[in-house]
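Q: The following block contains the structure, expressed as structure tokens.
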Amino acid sequence: QVQLVESGGGLVQAGGSLRLSCVASGNIFRINTMGWYRQAPGKQRELVATMTTGGSTNYADSVKGRFTISRDNAKNTVYLQMNSLKPEDTAVYYCSLRIISSDSWGQGTQVTVSS
């Protein structure tokens, strides 16, 4: 069983920055993909960014150039640095961990960007 705990959400003005963190614990296979998804009210959950243990990344087009994902494999932690935030980035952000085909999710952290 895997547990994911996110932190770092909050309220920020448009153009500001936030940094999200997620710590994974439990039965974690050393080769995995960690990442971030988000869900705005009335919308489906969507990919934000993912990163493999080896360092390969994948970003949603809407955040490229503004968000940066990173991870510390020794600490089983993934980060999301969010710059130049826009009101449309407002959502609940969920940390994810994929091991082969099994997905685990955090409880989510709210990010609100005011205009």
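Naming scheme: A, B, ... for chains in displayed order of the structure tokens; residues 1 onward per chain; ligands 1 onward as shown.
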I'd like to know which residues of chain A are strand (DSSP E or B) (by DSSP, run on the backbone); could you write them as a PyMOL selection string?
A: chain A and resi 2-7+10-13+18-26+33-39+46-52+57-59+67-72+77-82+91-99+102-105+109-114
Q: Do a neighbour search on stretch 44-60 of chain A at 6 Å with only C-alpha atoms, toss out local chain neighbours closer than 4 positions, and write the hits as a PyMOL selection string.
A: chain A and resi 31-39
Q: Create the file for the chosen residues now, containing all heavy atoms and written as a short mmCIF file (atom, residue, chain, number, x, y, z; two decimals), in the first residue's frame.
A:
```
data_model
loop_
_atom_site.label_atom_id
_atom_site.label_comp_id
_atom_site.auth_asym_id
_atom_site.auth_seq_id
_atom_site.Cartn_x
_atom_site.Cartn_y
_atom_site.Cartn_z
N ILE A 31 11.31 1.72 -9.35
CA ILE A 31 11.07 2.26 -10.70
C ILE A 31 9.59 2.65 -10.79
O ILE A 31 8.72 1.80 -10.72
CB ILE A 31 11.42 1.24 -11.78
CG1 ILE A 31 12.91 0.88 -11.67
CG2 ILE A 31 11.09 1.79 -13.16
CD1 ILE A 31 13.34 -0.20 -12.62
N ASN A 32 9.34 3.93 -10.94
CA ASN A 32 7.96 4.40 -10.95
C ASN A 32 7.86 5.74 -11.64
O ASN A 32 8.88 6.35 -12.00
CB ASN A 32 7.44 4.49 -9.51
CG ASN A 32 8.28 5.41 -8.65
OD1 ASN A 32 8.33 6.62 -8.87
ND2 ASN A 32 8.97 4.85 -7.64
N THR A 33 6.65 6.20 -11.79
CA THR A 33 6.38 7.53 -12.33
C THR A 33 5.58 8.31 -11.29
O THR A 33 4.54 7.82 -10.82
CB THR A 33 5.60 7.46 -13.64
OG1 THR A 33 6.38 6.75 -14.61
CG2 THR A 33 5.28 8.85 -14.16
N MET A 34 6.07 9.47 -10.93
CA MET A 34 5.33 10.35 -10.03
C MET A 34 4.91 11.59 -10.80
O MET A 34 5.58 11.99 -11.77
CB MET A 34 6.18 10.74 -8.83
CG MET A 34 6.51 9.59 -7.91
SD MET A 34 7.30 10.11 -6.36
CE MET A 34 5.89 10.77 -5.47
N GLY A 35 3.82 12.18 -10.37
CA GLY A 35 3.38 13.34 -11.12
C GLY A 35 2.24 14.08 -10.45
O GLY A 35 1.87 13.79 -9.30
N TRP A 36 1.71 15.01 -11.22
CA TRP A 36 0.63 15.88 -10.75
C TRP A 36 -0.48 15.93 -11.78
O TRP A 36 -0.24 16.04 -12.98
CB TRP A 36 1.17 17.29 -10.50
CG TRP A 36 2.18 17.36 -9.41
CD1 TRP A 36 3.54 17.26 -9.55
CD2 TRP A 36 1.92 17.52 -8.02
NE1 TRP A 36 4.14 17.34 -8.32
CE2 TRP A 36 3.18 17.51 -7.36
CE3 TRP A 36 0.77 17.68 -7.25
CZ2 TRP A 36 3.29 17.65 -5.98
CZ3 TRP A 36 0.90 17.81 -5.89
CH2 TRP A 36 2.14 17.80 -5.25
N TYR A 37 -1.70 15.85 -11.27
CA TYR A 37 -2.90 16.04 -12.05
C TYR A 37 -3.71 17.12 -11.35
O TYR A 37 -3.47 17.43 -10.18
CB TYR A 37 -3.70 14.74 -12.14
CG TYR A 37 -3.06 13.69 -13.01
CD1 TYR A 37 -1.91 13.02 -12.60
CD2 TYR A 37 -3.59 13.35 -14.26
CE1 TYR A 37 -1.32 12.06 -13.39
CE2 TYR A 37 -3.00 12.39 -15.06
CZ TYR A 37 -1.86 11.75 -14.62
OH TYR A 37 -1.27 10.80 -15.41
N ARG A 38 -4.67 17.69 -12.06
CA ARG A 38 -5.53 18.68 -11.44
C ARG A 38 -6.97 18.53 -11.92
O ARG A 38 -7.22 18.02 -13.00
CB ARG A 38 -5.03 20.10 -11.71
CG ARG A 38 -5.10 20.52 -13.17
CD ARG A 38 -4.41 21.88 -13.37
NE ARG A 38 -4.49 22.33 -14.75
CZ ARG A 38 -3.87 23.40 -15.22
NH1 ARG A 38 -3.10 24.14 -14.41
NH2 ARG A 38 -3.99 23.76 -16.48
N GLN A 39 -7.87 19.00 -11.07
CA GLN A 39 -9.29 18.96 -11.41
C GLN A 39 -9.95 20.25 -10.97
O GLN A 39 -9.97 20.57 -9.79
CB GLN A 39 -9.96 17.76 -10.74
CG GLN A 39 -11.39 17.54 -11.20
CD GLN A 39 -11.93 16.19 -10.77
OE1 GLN A 39 -11.40 15.54 -9.88
NE2 GLN A 39 -12.99 15.75 -11.42
#
```
Q: Looking at A:Gly15, A:Val2, A:Gly10, A:Ile28, which one is nearest to A:Ser84, with distances taken over only C-alpha atoms?
A: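 Of A:Gly15, A:Val2, A:Gly10, A:Ile28, the one nearest A:Ser84, counting only C-alpha atoms, is A:Gly15.
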Q: Restricting the calculation to only C-alpha atoms: of A:Asn83, A:Ser102, A:Ser115, A:Thr109, which residue gets closest to A:Ser21?
A: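 Of A:Asn83, A:Ser102, A:Ser115, A:Thr109, the one nearest A:Ser21 is A:Thr109, counting only C-alpha atoms.
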Q: Between A:Ser96, A:Gln1, A:Ser7, A:Ser17, which one has atoms that come closest to A:Arg66, using only C-alpha atoms?
A: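 Closest residue, counting only C-alpha atoms: A:Ser17.
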Q: I need the residues of chain A that end up classed as helix (DSSP H, G or I) by DSSP on the backbone, written out as an mmCIF file with N, CA and C atoms, in the first residue's frame.
A:
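Dumped everything to selection_37.cif:
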```cif
data_model
loop_
_atom_site.group_PDB
_atom_site.id
_atom_site.type_symbol
_atom_site.label_atom_id
_atom_site.label_comp_id
_atom_site.auth_asym_id
_atom_site.auth_seq_id
_atom_site.Cartn_x
_atom_site.Cartn_y
_atom_site.Cartn_z
ATOM 1 N N ASP A 61 0.384 20.820 -22.410
ATOM 2 C CA ASP A 61 0.753 21.987 -23.214
ATOM 3 C C ASP A 61 0.440 23.288 -22.477
ATOM 4 N N SER A 62 -0.618 23.289 -21.702
ATOM 5 C CA SER A 62 -1.067 24.518 -21.042
ATOM 6 C C SER A 62 -0.107 24.998 -19.949
ATOM 7 N N VAL A 63 0.817 24.143 -19.498
ATOM 8 C CA VAL A 63 1.725 24.553 -18.418
ATOM 9 C C VAL A 63 3.184 24.593 -18.863
ATOM 10 N N ASN A 73 14.521 11.111 -5.613
ATOM 11 C CA ASN A 73 14.229 9.684 -5.502
ATOM 12 C C ASN A 73 14.588 9.125 -4.132
ATOM 13 N N ALA A 74 15.631 9.658 -3.533
ATOM 14 C CA ALA A 74 16.045 9.173 -2.214
ATOM 15 C C ALA A 74 14.991 9.468 -1.155
ATOM 16 N N LYS A 75 14.230 10.534 -1.374
ATOM 17 C CA LYS A 75 13.201 10.936 -0.409
ATOM 18 C C LYS A 75 11.794 10.570 -0.874
ATOM 19 N N PRO A 87 -5.452 32.524 -13.570
ATOM 20 C CA PRO A 87 -6.719 32.110 -12.939
ATOM 21 C C PRO A 87 -7.189 30.737 -13.418
ATOM 22 N N GLU A 88 -6.910 30.397 -14.650
ATOM 23 C CA GLU A 88 -7.333 29.091 -15.178
ATOM 24 C C GLU A 88 -6.521 27.930 -14.616
ATOM 25 N N ASP A 89 -5.495 28.222 -13.826
ATOM 26 C CA ASP A 89 -4.756 27.160 -13.137
ATOM 27 C C ASP A 89 -5.444 26.770 -11.833
#
```
Q: Which residue, A:Val111, A:Leu85, A:Val12, A:Ile100, has the smallest gap to A:Phe67 when you use only C-alpha atoms?
A: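 Of A:Val111, A:Leu85, A:Val12, A:Ile100, the one nearest A:Phe67 is A:Leu85, counting only C-alpha atoms.
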Q: In Å to one decimal, how far is atom CA of A:Arg30 from atom CA of A:Ile99?
A: 8.8 Å
Q: Between A:Val92, A:Leu4, A:Ile69, A:Val78, which one has atoms that come closest to A:Trp105, using only C-alpha atoms?
A: A:Leu4
Q: In Å, how far is it from atom CA of A:Gly108 to atom CA of A:Leu18?
A: 14.9 Å
Q: Counting only C-alpha atoms, figure out which residue out of A:Thr68, A:Gln81, A:Gln13, A:Gln110 gets nearest to A:Tyr94.
A: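 Among the listed residues, A:Gln110 lies closest to A:Tyr94.
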